[in-house]
file coords.txt (compact mmCIF, C-alpha atoms)
# COMPACT_ATOMS: atom_id res chain seq x y z
CA MET Q 22 42.70 140.65 129.88
CA THR Q 23 41.42 139.12 126.63
CA LYS Q 24 42.38 135.47 126.30
CA GLU Q 25 44.58 134.58 123.32
CA ILE Q 26 44.79 131.91 120.63
CA VAL Q 27 48.02 131.40 118.67
CA LEU Q 28 48.10 129.66 115.28
CA VAL Q 29 51.65 128.84 114.15
CA ASP Q 30 52.55 127.56 110.68
CA MET Q 31 56.30 126.97 110.67
CA VAL Q 32 56.28 124.63 107.65
CA SER Q 33 54.49 126.42 104.80
CA HIS Q 34 56.25 128.59 102.24
CA SER Q 35 54.50 131.53 100.57
CA GLU Q 36 52.02 129.49 98.49
CA MET Q 37 51.77 126.27 100.54
CA HIS Q 38 48.49 125.37 102.35
CA LEU Q 39 47.02 128.81 101.63
CA PRO Q 40 43.40 127.69 101.04
CA PHE Q 41 43.48 125.51 104.15
CA ASN Q 42 45.00 128.20 106.35
CA GLU Q 43 42.53 130.78 105.03
CA GLY Q 44 39.61 128.52 105.92
CA TYR Q 45 41.05 127.65 109.32
CA VAL Q 46 41.76 131.26 110.30
CA LYS Q 47 38.23 132.28 109.28
CA ALA Q 48 36.70 129.37 111.17
CA MET Q 49 38.78 130.10 114.28
CA SER Q 50 37.72 133.75 114.17
CA LEU Q 51 34.06 132.69 113.97
CA ALA Q 52 34.49 130.11 116.75
CA TYR Q 53 36.10 132.58 119.18
CA PRO Q 54 35.07 136.16 118.34
CA ASP Q 55 35.88 137.27 121.89
CA LYS Q 56 39.50 136.09 121.83
CA ALA Q 57 42.61 137.67 120.31
CA ILE Q 58 43.98 135.41 117.59
CA THR Q 59 47.54 135.58 116.27
CA PHE Q 60 48.49 133.82 113.04
CA ALA Q 61 52.25 133.39 112.57
CA ALA Q 62 54.10 132.13 109.48
CA CYS Q 63 56.91 133.17 107.12
CA ASP Q 64 56.75 136.62 105.58
CA GLY Q 65 55.44 135.61 102.14
CA HIS Q 66 52.78 133.34 103.60
CA VAL Q 67 51.56 136.03 105.98
CA LYS Q 68 51.28 138.51 103.10
CA ASN Q 69 49.23 136.06 101.06
CA ILE Q 70 46.96 135.10 103.95
CA ARG Q 71 46.32 138.78 104.76
CA ALA Q 72 45.32 139.38 101.14
CA GLN Q 73 42.96 136.39 101.06
CA VAL Q 74 41.38 136.63 104.50
CA GLY Q 75 40.85 140.38 104.55
CA VAL Q 76 40.18 142.21 107.80
CA LEU Q 77 39.01 140.14 110.76
CA PRO Q 78 38.64 142.24 113.92
CA ASN Q 79 40.14 139.68 116.28
CA VAL Q 80 43.02 138.41 114.09
CA LYS Q 81 46.54 139.82 113.86
CA TYR Q 82 49.64 138.49 112.14
CA ARG Q 83 53.26 137.83 113.08
CA VAL Q 84 56.24 136.81 110.92
CA ILE Q 85 58.44 133.89 111.96
CA PRO Q 86 61.16 131.98 110.08
CA GLN Q 87 60.32 128.68 108.40
CA PHE Q 88 61.39 125.57 110.26
CA ASP Q 89 63.74 124.46 107.47
CA GLU Q 90 65.66 127.75 107.69
CA LEU Q 91 66.64 126.89 111.26
CA LEU Q 92 68.15 123.46 110.52
CA SER Q 93 71.63 124.66 109.42
CA HIS Q 94 71.23 122.58 106.21
CA HIS Q 95 70.53 119.39 108.17
CA SER Q 96 67.48 117.14 107.86
CA TYR Q 97 64.62 117.73 110.28
CA HIS Q 98 64.95 114.01 111.09
CA HIS Q 99 68.24 114.81 112.84
CA PRO Q 100 67.45 114.51 116.57
CA ILE Q 101 69.75 117.38 117.55
CA TYR Q 102 69.16 119.93 114.79
CA GLY Q 103 65.43 119.18 114.49
CA ARG Q 104 64.81 119.66 118.20
CA ARG Q 105 67.06 122.74 118.30
CA ALA Q 106 64.97 124.29 115.53
CA ALA Q 107 61.78 123.41 117.40
CA ARG Q 108 63.06 125.14 120.55
CA TYR Q 109 63.31 128.40 118.59
CA TYR Q 110 59.49 128.48 118.59
CA THR Q 111 59.07 127.72 122.29
CA LYS Q 112 61.45 130.62 123.01
CA TRP Q 113 59.51 132.81 120.58
CA LEU Q 114 56.29 131.99 122.39
CA SER Q 115 57.85 132.75 125.77
CA ASP Q 116 59.33 136.05 124.55
CA ASN Q 117 56.19 137.31 122.81
CA PHE Q 118 53.22 136.10 124.84
CA ASN Q 119 51.98 135.73 128.37
CA LEU Q 120 51.78 131.93 128.27
CA GLU Q 121 49.26 131.78 131.11
CA ASN Q 122 46.90 133.93 129.03
CA ILE Q 123 46.93 131.57 126.00
CA ASP Q 124 43.86 129.35 125.80
CA LEU Q 125 45.00 127.47 122.69
CA ILE Q 126 48.06 127.00 120.53
CA THR Q 127 47.59 125.24 117.19
CA VAL Q 128 50.63 124.10 115.21
CA LEU Q 129 49.50 123.95 111.57
CA GLY Q 130 51.61 121.12 110.14
CA SER Q 131 53.44 119.41 112.99
CA ARG Q 132 56.71 117.64 112.39
CA ALA Q 133 58.02 115.13 114.93
CA PRO Q 134 60.68 117.39 116.55
CA VAL Q 135 58.07 120.10 117.09
CA ILE Q 136 55.66 117.71 118.80
CA SER Q 137 58.46 116.30 120.99
CA VAL Q 138 59.67 119.70 122.15
CA LEU Q 139 56.34 121.53 122.40
CA LYS Q 140 54.48 118.76 124.19
CA LYS Q 141 57.03 118.87 127.01
CA PHE Q 142 57.08 122.69 127.00
CA TRP Q 143 53.28 122.91 127.17
CA LYS Q 144 52.53 119.92 129.41
CA ASN Q 145 51.78 121.91 132.57
CA MET Q 146 50.06 124.90 130.95
CA ALA Q 147 46.41 125.66 131.57
CA GLY Q 148 45.65 126.15 127.88
CA GLU Q 149 45.43 123.50 125.15
CA CYS Q 150 47.83 122.66 122.34
CA HIS Q 151 46.69 121.17 119.02
CA PHE Q 152 49.10 119.53 116.58
CA LEU Q 153 47.51 119.58 113.15
CA GLN Q 154 48.55 116.86 110.69
CA HIS Q 155 48.90 117.49 106.96
CA ASN Q 156 50.96 114.74 105.28
CA GLN Q 157 53.30 113.99 108.18
CA LEU Q 158 51.84 110.51 108.63
CA GLY Q 159 52.00 109.69 104.91
CA ILE Q 160 55.64 110.73 104.71
CA SER Q 161 56.49 108.68 107.78
CA ARG Q 162 54.66 105.61 106.48
CA SER Q 163 56.49 105.74 103.15
CA TRP Q 164 59.99 106.04 104.66
CA ARG Q 165 61.54 105.66 108.11
CA SER Q 166 65.22 105.91 108.95
CA ARG Q 167 66.96 102.70 109.97
CA ASN Q 168 69.11 104.66 112.38
CA PRO Q 169 67.69 103.66 115.81
CA ILE Q 170 68.28 107.11 117.29
CA GLU Q 171 66.55 108.94 114.44
CA ARG Q 172 63.78 106.34 114.49
CA HIS Q 173 63.23 106.92 118.21
CA PHE Q 174 62.50 110.59 117.51
CA ASP Q 175 60.52 110.22 114.26
CA TYR Q 176 56.82 110.96 113.77
CA ILE Q 177 55.49 107.44 114.30
CA SER Q 178 57.55 106.90 117.45
CA VAL Q 179 56.41 110.26 118.83
CA LEU Q 180 52.77 109.30 118.29
CA LYS Q 181 53.32 105.92 119.90
CA ARG Q 182 54.37 107.68 123.10
CA GLY Q 183 51.06 109.58 123.22
CA LEU Q 184 50.28 113.14 124.30
CA PRO Q 185 49.56 114.89 127.63
CA LYS Q 186 45.91 115.49 128.54
CA ASN Q 187 45.93 119.13 127.43
CA GLN Q 188 47.13 118.29 123.91
CA LYS Q 189 45.51 116.77 120.81
CA LEU Q 190 46.45 115.63 117.33
CA LEU Q 191 44.06 116.91 114.65
CA VAL Q 192 43.71 114.89 111.44
CA LEU Q 193 42.07 116.52 108.45
CA GLU Q 194 39.96 113.76 107.01
CA LEU Q 195 37.41 111.19 108.05
CA GLY Q 196 38.89 107.77 108.80
CA LEU Q 197 42.41 108.99 109.51
CA ASP Q 198 41.81 108.90 113.26
CA ASP Q 199 41.39 105.12 112.95
CA VAL Q 200 44.68 104.92 111.03
CA VAL Q 201 46.49 106.81 113.79
CA LEU Q 202 44.99 104.62 116.52
CA ASP Q 203 45.97 101.44 114.67
CA ILE Q 204 49.57 102.66 114.60
CA ALA Q 205 49.62 104.33 118.01
CA PRO Q 206 47.05 103.03 120.55
CA ALA Q 207 48.51 105.47 123.12
CA MET Q 208 46.83 108.26 121.13
CA ARG Q 209 43.35 107.10 122.12
CA GLY Q 210 41.53 110.11 123.53
CA SER Q 211 44.10 112.48 122.00
CA VAL Q 212 43.22 112.36 118.29
CA GLU Q 213 40.34 114.29 116.71
CA VAL Q 214 39.01 114.71 113.17
CA VAL Q 215 38.44 118.15 111.70
CA GLU Q 216 37.19 117.72 108.16
CA HIS Q 217 39.27 119.77 105.75
CA PRO Q 218 37.61 123.20 105.25
CA VAL Q 219 36.09 123.98 101.86
CA LEU Q 220 36.37 127.73 101.29
CA GLU Q 221 32.92 129.26 100.92
CA SER Q 222 34.45 132.03 98.80
CA GLU Q 223 35.33 129.39 96.17
CA TRP Q 224 32.02 127.52 96.07
CA LEU Q 225 30.91 127.39 92.45
CA PRO Q 226 27.39 126.91 91.11
CA PRO Q 227 26.91 123.29 90.03
CA LYS Q 228 27.29 122.70 86.30
CA ASN Q 229 24.84 120.65 84.28
CA LEU Q 230 25.87 118.14 81.64
CA ILE Q 231 24.93 119.48 78.23
CA ALA Q 232 23.66 117.03 75.63
CA GLY Q 233 25.79 116.91 72.51
CA GLU Q 234 28.81 118.53 74.16
CA PRO Q 235 31.92 116.57 75.16
CA ILE Q 236 32.33 115.53 78.79
CA LYS Q 237 35.21 117.54 80.28
CA ILE Q 238 37.44 115.68 82.73
CA ALA Q 239 40.11 117.48 84.76
CA PHE Q 240 43.23 116.58 86.69
CA LEU Q 241 43.87 119.17 89.42
CA GLY Q 242 46.99 120.53 91.08
CA HIS Q 243 50.65 119.58 90.87
CA CYS Q 244 51.12 117.51 87.71
CA GLY Q 245 53.53 114.83 88.92
CA LYS Q 246 53.69 111.11 89.59
CA GLY Q 247 53.13 111.76 93.28
CA LYS Q 248 49.50 112.62 92.49
CA GLY Q 249 48.98 110.11 89.68
CA PHE Q 250 49.40 112.44 86.71
CA ASP Q 251 51.22 109.68 84.81
CA VAL Q 252 48.10 107.50 85.04
CA PHE Q 253 45.84 110.41 84.03
CA CYS Q 254 47.94 110.98 80.90
CA LYS Q 255 47.62 107.31 79.95
CA ILE Q 256 43.85 107.47 80.43
CA ALA Q 257 43.65 110.63 78.31
CA LYS Q 258 45.82 109.11 75.59
CA GLN Q 259 43.58 106.06 75.34
CA PHE Q 260 40.15 107.66 75.68
CA ASN Q 261 40.48 111.16 74.22
CA SER Q 262 37.70 111.58 71.65
CA ASP Q 263 35.05 113.99 70.42
CA ASN Q 264 32.95 112.90 73.41
CA LEU Q 265 35.62 112.84 76.15
CA LYS Q 266 38.12 115.67 76.66
CA PHE Q 267 40.88 115.74 79.27
CA TYR Q 268 42.42 118.81 80.92
CA ALA Q 269 45.34 119.40 83.29
CA ILE Q 270 44.57 122.32 85.60
CA GLY Q 271 47.82 122.80 87.44
CA LYS Q 272 51.55 123.37 87.17
CA GLU Q 273 53.96 121.16 85.30
CA ASN Q 274 56.46 119.12 87.30
CA THR Q 275 59.59 120.37 85.54
CA ALA Q 276 61.78 117.46 86.65
CA GLN Q 277 59.29 114.84 85.41
CA ALA Q 278 57.72 116.63 82.41
CA SER Q 279 59.61 114.64 79.77
CA GLU Q 280 58.22 111.38 81.20
CA PHE Q 281 54.58 112.22 80.45
CA ASP Q 282 52.84 111.83 77.11
CA THR Q 283 50.39 114.75 77.19
CA SER Q 284 49.23 114.35 73.59
CA GLY Q 285 45.79 113.20 74.77
CA LEU Q 286 45.18 116.40 76.73
CA ALA Q 287 43.05 119.29 75.49
CA LEU Q 288 44.92 121.44 78.03
CA PRO Q 289 48.47 120.49 79.08
CA PRO Q 290 49.95 121.52 82.45
CA HIS Q 291 50.92 125.16 82.88
CA LYS Q 292 54.63 125.92 82.69
CA THR Q 293 54.47 128.41 85.57
CA HIS Q 294 52.39 128.84 88.72
CA LEU Q 295 48.70 129.00 87.88
CA ALA Q 296 46.97 131.90 89.63
CA ARG Q 297 44.25 130.72 91.99
CA GLU Q 298 41.61 132.83 90.22
CA LYS Q 299 42.43 131.17 86.89
CA PHE Q 300 42.48 127.72 88.52
CA VAL Q 301 38.96 128.22 89.92
CA GLU Q 302 37.71 129.67 86.61
CA LEU Q 303 38.95 126.66 84.62
CA LEU Q 304 37.63 124.19 87.17
CA GLY Q 305 34.18 125.74 86.89
CA THR Q 306 33.96 124.66 83.22
CA MET Q 307 34.65 120.97 83.97
CA ASP Q 308 32.15 118.11 84.39
CA LEU Q 309 34.26 115.55 86.27
CA VAL Q 310 37.53 115.50 88.19
CA CYS Q 311 39.80 112.46 87.82
CA LEU Q 312 42.51 111.97 90.45
CA PRO Q 313 44.18 108.54 90.23
CA LEU Q 314 46.05 109.13 93.48
CA PRO Q 315 48.74 106.61 94.50
CA ASN Q 316 48.72 104.82 97.85
CA SER Q 317 51.17 107.38 99.27
CA VAL Q 318 48.29 109.88 99.40
CA SER Q 319 46.21 107.60 101.65
CA TYR Q 320 47.12 109.45 104.85
CA VAL Q 321 46.37 113.03 103.89
CA SER Q 322 43.43 115.08 102.71
CA SER Q 323 44.35 116.01 99.13
CA GLY Q 324 43.77 119.69 98.39
CA SER Q 325 42.62 118.71 94.91
CA ILE Q 326 39.82 116.57 96.37
CA ILE Q 327 38.75 119.61 98.39
CA ASP Q 328 38.87 121.80 95.27
CA ALA Q 329 36.54 119.35 93.52
CA PHE Q 330 34.07 119.50 96.41
CA ALA Q 331 34.20 123.32 96.39
CA ALA Q 332 33.27 123.33 92.71
CA ALA Q 333 30.59 120.60 93.12
CA LYS Q 334 32.45 118.30 90.72
CA PRO Q 335 31.91 114.55 91.02
CA LEU Q 336 35.16 112.62 91.40
CA ILE Q 337 36.73 109.62 89.72
CA THR Q 338 39.43 108.70 92.18
CA THR Q 339 41.27 106.08 94.16
CA SER Q 340 39.58 104.15 96.92
CA ASN Q 341 41.33 104.72 100.25
CA GLN Q 342 40.33 104.86 103.89
CA SER Q 343 39.34 108.53 103.96
CA HIS Q 344 37.45 108.45 100.64
CA ILE Q 345 35.49 105.41 101.82
CA ALA Q 346 34.69 107.19 105.12
CA ILE Q 347 33.47 110.29 103.24
CA LYS Q 348 31.22 108.09 101.09
CA GLU Q 349 29.85 106.32 104.17
CA LYS Q 350 28.95 109.64 105.80
CA TYR Q 351 27.65 111.64 102.82
CA GLY Q 352 26.84 109.11 100.08
CA GLU Q 353 28.45 108.51 96.69
CA PHE Q 354 30.26 111.55 95.29
CA GLY Q 355 31.54 109.81 92.17
CA ILE Q 356 33.43 106.61 91.47
CA LEU Q 357 36.01 105.01 93.77
CA ARG Q 358 38.31 102.36 92.36
CA SER Q 359 41.07 100.49 94.20
CA GLU Q 360 42.99 99.26 91.14
CA GLN Q 361 44.40 101.21 88.20
CA SER Q 362 42.84 98.70 85.81
CA ASP Q 363 39.40 99.48 87.28
CA LEU Q 364 39.86 103.17 86.45
CA PHE Q 365 40.57 102.28 82.82
CA LYS Q 366 37.49 100.04 82.76
CA PHE Q 367 35.36 102.92 84.05
CA PHE Q 368 36.52 105.16 81.21
CA GLN Q 369 35.96 102.39 78.67
CA ASP Q 370 32.39 102.06 79.94
CA LEU Q 371 32.01 105.86 79.92
CA ALA Q 372 33.13 105.95 76.28
CA ASP Q 373 30.84 103.06 75.26
CA LYS Q 374 27.66 103.90 77.21
CA PRO Q 375 27.88 107.43 78.71
CA ASP Q 376 24.15 107.78 79.49
CA GLN Q 377 24.13 104.58 81.53
CA ILE Q 378 27.37 105.34 83.36
CA LEU Q 379 26.33 108.91 84.19
CA ALA Q 380 22.84 108.01 85.38
CA SER Q 381 23.98 108.78 88.95
CA TYR Q 382 25.66 112.10 88.02
CA GLU Q 383 23.01 114.34 89.60
CA ASN Q 384 23.10 112.34 92.82
CA TRP Q 385 26.91 112.57 92.91
CA LYS Q 386 26.64 116.32 92.43
CA ARG Q 387 24.09 116.71 95.23
CA ASN Q 388 26.40 114.84 97.60
CA THR Q 389 29.42 117.00 96.73
CA ILE Q 390 27.27 120.02 97.64
CA LYS Q 391 26.29 118.32 100.90
CA ILE Q 392 29.99 117.70 101.67
CA ARG Q 393 31.07 121.28 101.02
CA LYS Q 394 28.24 122.69 103.12
CA ALA Q 395 29.38 120.53 106.03
CA ARG Q 396 32.91 121.92 105.61
CA GLY Q 397 32.15 125.62 105.31
CA GLU Q 398 33.68 128.02 107.84
CA GLN Q 399 30.60 128.08 110.09
CA GLU Q 400 30.48 124.29 110.43
CA ILE Q 401 34.24 124.00 110.95
CA ALA Q 402 33.97 126.68 113.64
CA LYS Q 403 31.37 124.54 115.44
CA ARG Q 404 33.64 121.51 115.19
CA ILE Q 405 36.63 123.41 116.58
CA ARG Q 406 34.59 124.56 119.57
CA SER Q 407 33.33 121.04 120.18
CA ILE Q 408 36.83 119.63 120.63
CA CYS Q 409 38.19 122.52 122.73
CA SER Q 410 37.68 122.94 126.44
CA THR Q 411 38.59 126.65 126.13
call {"tool": "encode", "arguments": {"input": "coords.txt", "output": "structure tokens"}}
result
Amino acid sequence: MTKEIVLVDMVSHSEMHLPFNEGYVKAMSLAYPDKAITFAACDGHVKNIRAQVGVLPNVKYRVIPQFDELLSHHSYHHPIYGRRAARYYTKWLSDNFNLENIDLITVLGSRAPVISVLKKFWKNMAGECHFLQHNQLGISRSWRSRNPIERHFDYISVLKRGLPKNQKLLVLELGLDDVVLDIAPAMRGSVEVVEHPVLESEWLPPKNLIAGEPIKIAFLGHCGKGKGFDVFCKIAKQFNSDNLKFYAIGKENTAQASEFDTSGLALPPHKTHLAREKFVELLGTMDLVCLPLPNSVSYVSSGSIIDAFAAAKPLITTSNQSHIAIKEKYGEFGILRSEQSDLFKFFQDLADKPDQILASYENWKRNTIKIRKARGEQEIAKRIRSICST
């Protein structure tokens, strides 16, 4: 009987994490061509993944309800309702698979109740279980309940209790394994880094700076305070000129839109969802990407950073643990600044002496290409195999 791999995304809605999941499914298929792979998510997400991935001979799809739909309108932090929702998926696994035939289960976006329930359920199985972290750590670091019962079952407390030998936590950026181990020493030996895939289908040819034309600088993705769009608007307002043009390539945050002065932007945020094809097309015309990310984004691989790498665009962004680790491994890929004032100083220098400031542009571009090559599906497939005993 052909051994099986099950990839379960119980968190994502139709559009959420699509580029990541596409890259991960492709990489998993390449890593294990002789195994039957099932990808399970909500109906809309499955439809979108099918359309993007195309036909892979060893991959099939199943529809499951989203985790939030199973909470009966309660928070997933609730120790009863969260764990009850998580047990739906262990029952689903038992009802639909021969558990002894599964070599690997990967939970793509693992909330605390899921880890608590599944780690006990899977503890004595022969196969492995991987809990993949998106922004669960960042959310938990920014807010924790004061209720001692809820706190006992939250993400940080779950990590502090460690994992069984046949289970691992996967973090999606360099340096984040050190963050996890600082918080939860019991995770030593159970946490692995898989660098966030960069979809080969979206790699763009590098763009050259053209003398006499304005330098085009883009903000990417959701245009809200949570990603630093407020700071980007202030930068654009101050430095917009014939030589520097600023663009928002992403969707407007409707609730916050009135708080942003977008008068310095050559392209304001889109009012509705921006089709991926249009997003990639616009990004291809840019020279730099500026993402003044707040500290709350320190514990997650930002999809917009990955989009910049895919398009070979040097980055002007915040200095955090993962960005520093990427620079240490691959070299400078742009400018990292720890303080907001330092970002403004960079743009003042760029406005005053562009040739001097952009002297390293070609080197930055070469390193973004190096980064995306290391994160293509073939290389991610090798990395997955290296951390699996299957």
call {"tool": "atom_distance", "arguments": {"input": "coords.txt", "atom1": "CA of Ser325 (chain Q)", "atom2": "CA of Val135 (chain Q)"}}
result
27.1 Å
call {"tool": "closest_atom_pairs", "arguments": {"input": "coords.txt", "of": "region 234-341 of chain Q", "to": "region 362-385 of chain Q", "cutoff": "9 Å", "atoms": "only C-alpha atoms", "output": "JSON lines"}}
result
{"residue": "Q:Ile256", "atom": "CA", "partner": "Q:Phe365", "partner_atom": "CA", "distance": 6.6}
{"residue": "Q:Gln259", "atom": "CA", "partner": "Q:Phe365", "partner_atom": "CA", "distance": 8.9}
{"residue": "Q:Phe260", "atom": "CA", "partner": "Q:Phe368", "partner_atom": "CA", "distance": 7.1}
{"residue": "Q:Ser262", "atom": "CA", "partner": "Q:Ala372", "partner_atom": "CA", "distance": 8.6}
{"residue": "Q:Asn264", "atom": "CA", "partner": "Q:Ala372", "partner_atom": "CA", "distance": 7.5}
{"residue": "Q:Leu265", "atom": "CA", "partner": "Q:Ala372", "partner_atom": "CA", "distance": 7.3}
{"residue": "Q:Pro313", "atom": "CA", "partner": "Q:Leu364", "partner_atom": "CA", "distance": 7.9}
{"residue": "Q:Ala333", "atom": "CA", "partner": "Q:Trp385", "partner_atom": "CA", "distance": 8.8}
{"residue": "Q:Lys334", "atom": "CA", "partner": "Q:Trp385", "partner_atom": "CA", "distance": 8.3}
{"residue": "Q:Pro335", "atom": "CA", "partner": "Q:Trp385", "partner_atom": "CA", "distance": 5.7}
{"residue": "Q:Leu336", "atom": "CA", "partner": "Q:Trp385", "partner_atom": "CA", "distance": 8.4}
{"residue": "Q:Ile337", "atom": "CA", "partner": "Q:Leu364", "partner_atom": "CA", "distance": 7.9}
{"residue": "Q:Thr338", "atom": "CA", "partner": "Q:Leu364", "partner_atom": "CA", "distance": 8.0}
{"residue": "Q:Thr339", "atom": "CA", "partner": "Q:Leu364", "partner_atom": "CA", "distance": 8.4}
call {"tool": "write_last_selection", "arguments": {"input": "coords.txt", "atoms": "C-alpha atoms", "output": "compact mmCIF listing (two decimals), keeping the file's coordinate frame"}}
result
# COMPACT_ATOMS: atom_id res chain seq x y z
CA ILE Q 256 43.85 107.47 80.43
CA GLN Q 259 43.58 106.06 75.34
CA PHE Q 260 40.15 107.66 75.68
CA SER Q 262 37.70 111.58 71.65
CA ASN Q 264 32.95 112.90 73.41
CA LEU Q 265 35.62 112.84 76.15
CA PRO Q 313 44.18 108.54 90.23
CA ALA Q 333 30.59 120.60 93.12
CA LYS Q 334 32.45 118.30 90.72
CA PRO Q 335 31.91 114.55 91.02
CA LEU Q 336 35.16 112.62 91.40
CA ILE Q 337 36.73 109.62 89.72
CA THR Q 338 39.43 108.70 92.18
CA THR Q 339 41.27 106.08 94.16
call {"tool": "residues_around", "arguments": {"input": "coords.txt", "residues": "Tyr53 (chain Q)", "least_positions_apart": "4", "cutoff": "10 Å", "atoms": "all atoms listed in the file", "output": "number ranges by chain"}}
result
Q: 24-26, 48-49, 57-58, 79, 402, 405-406, 411
call {"tool": "closest_residue", "arguments": {"input": "coords.txt", "among": "Q:Lys386, Q:His344, Q:His291, Q:Arg104", "to": "Leu197 (chain Q)", "atoms": "only C-alpha atoms"}}
result
Q:His344
call {"tool": "closest_residue", "arguments": {"input": "coords.txt", "among": "Q:Glu194, Q:Glu360, Q:Asp89, Q:Asp263", "to": "Arg396 (chain Q)", "atoms": "all atoms listed in the file"}}
result
Q:Glu194
call {"tool": "residues_around", "arguments": {"input": "coords.txt", "residues": "Val74 (chain Q)", "least_positions_apart": "4", "cutoff": "12 Å", "atoms": "only C-alpha atoms", "output": "PyMOL selection string"}}
result
chain Q and resi 39-48+50+60+66-70+78+80-82+220-222
call {"tool": "atom_distance", "arguments": {"input": "coords.txt", "atom1": "CA of Pro315 (chain Q)", "atom2": "CA of Arg393 (chain Q)"}}
result
23.9 Å
call {"tool": "closest_residue", "arguments": {"input": "coords.txt", "among": "Q:Ser211, Q:Ser359, Q:Gln73, Q:Thr306", "to": "Gly183 (chain Q)", "atoms": "all atoms listed in the file"}}
result
Q:Ser211
call {"tool": "atom_distance", "arguments": {"input": "coords.txt", "atom1": "CA of Gly159 (chain Q)", "atom2": "CA of His98 (chain Q)"}}
result
15.0 Å
call {"tool": "residues_around", "arguments": {"input": "coords.txt", "residues": "region 229-243 of chain Q", "least_positions_apart": "3", "cutoff": "7 Å", "atoms": "only C-alpha atoms", "output": "list in words"}}
result
Asp263, Asn264, Leu265, Lys266, Phe267, Tyr268, Ala269, Ile270, Gly271, Lys272, Glu273, Asn274, Met307, Asp308, Leu309, Val310, Cys311, Leu312 and Ser325 of chain Q
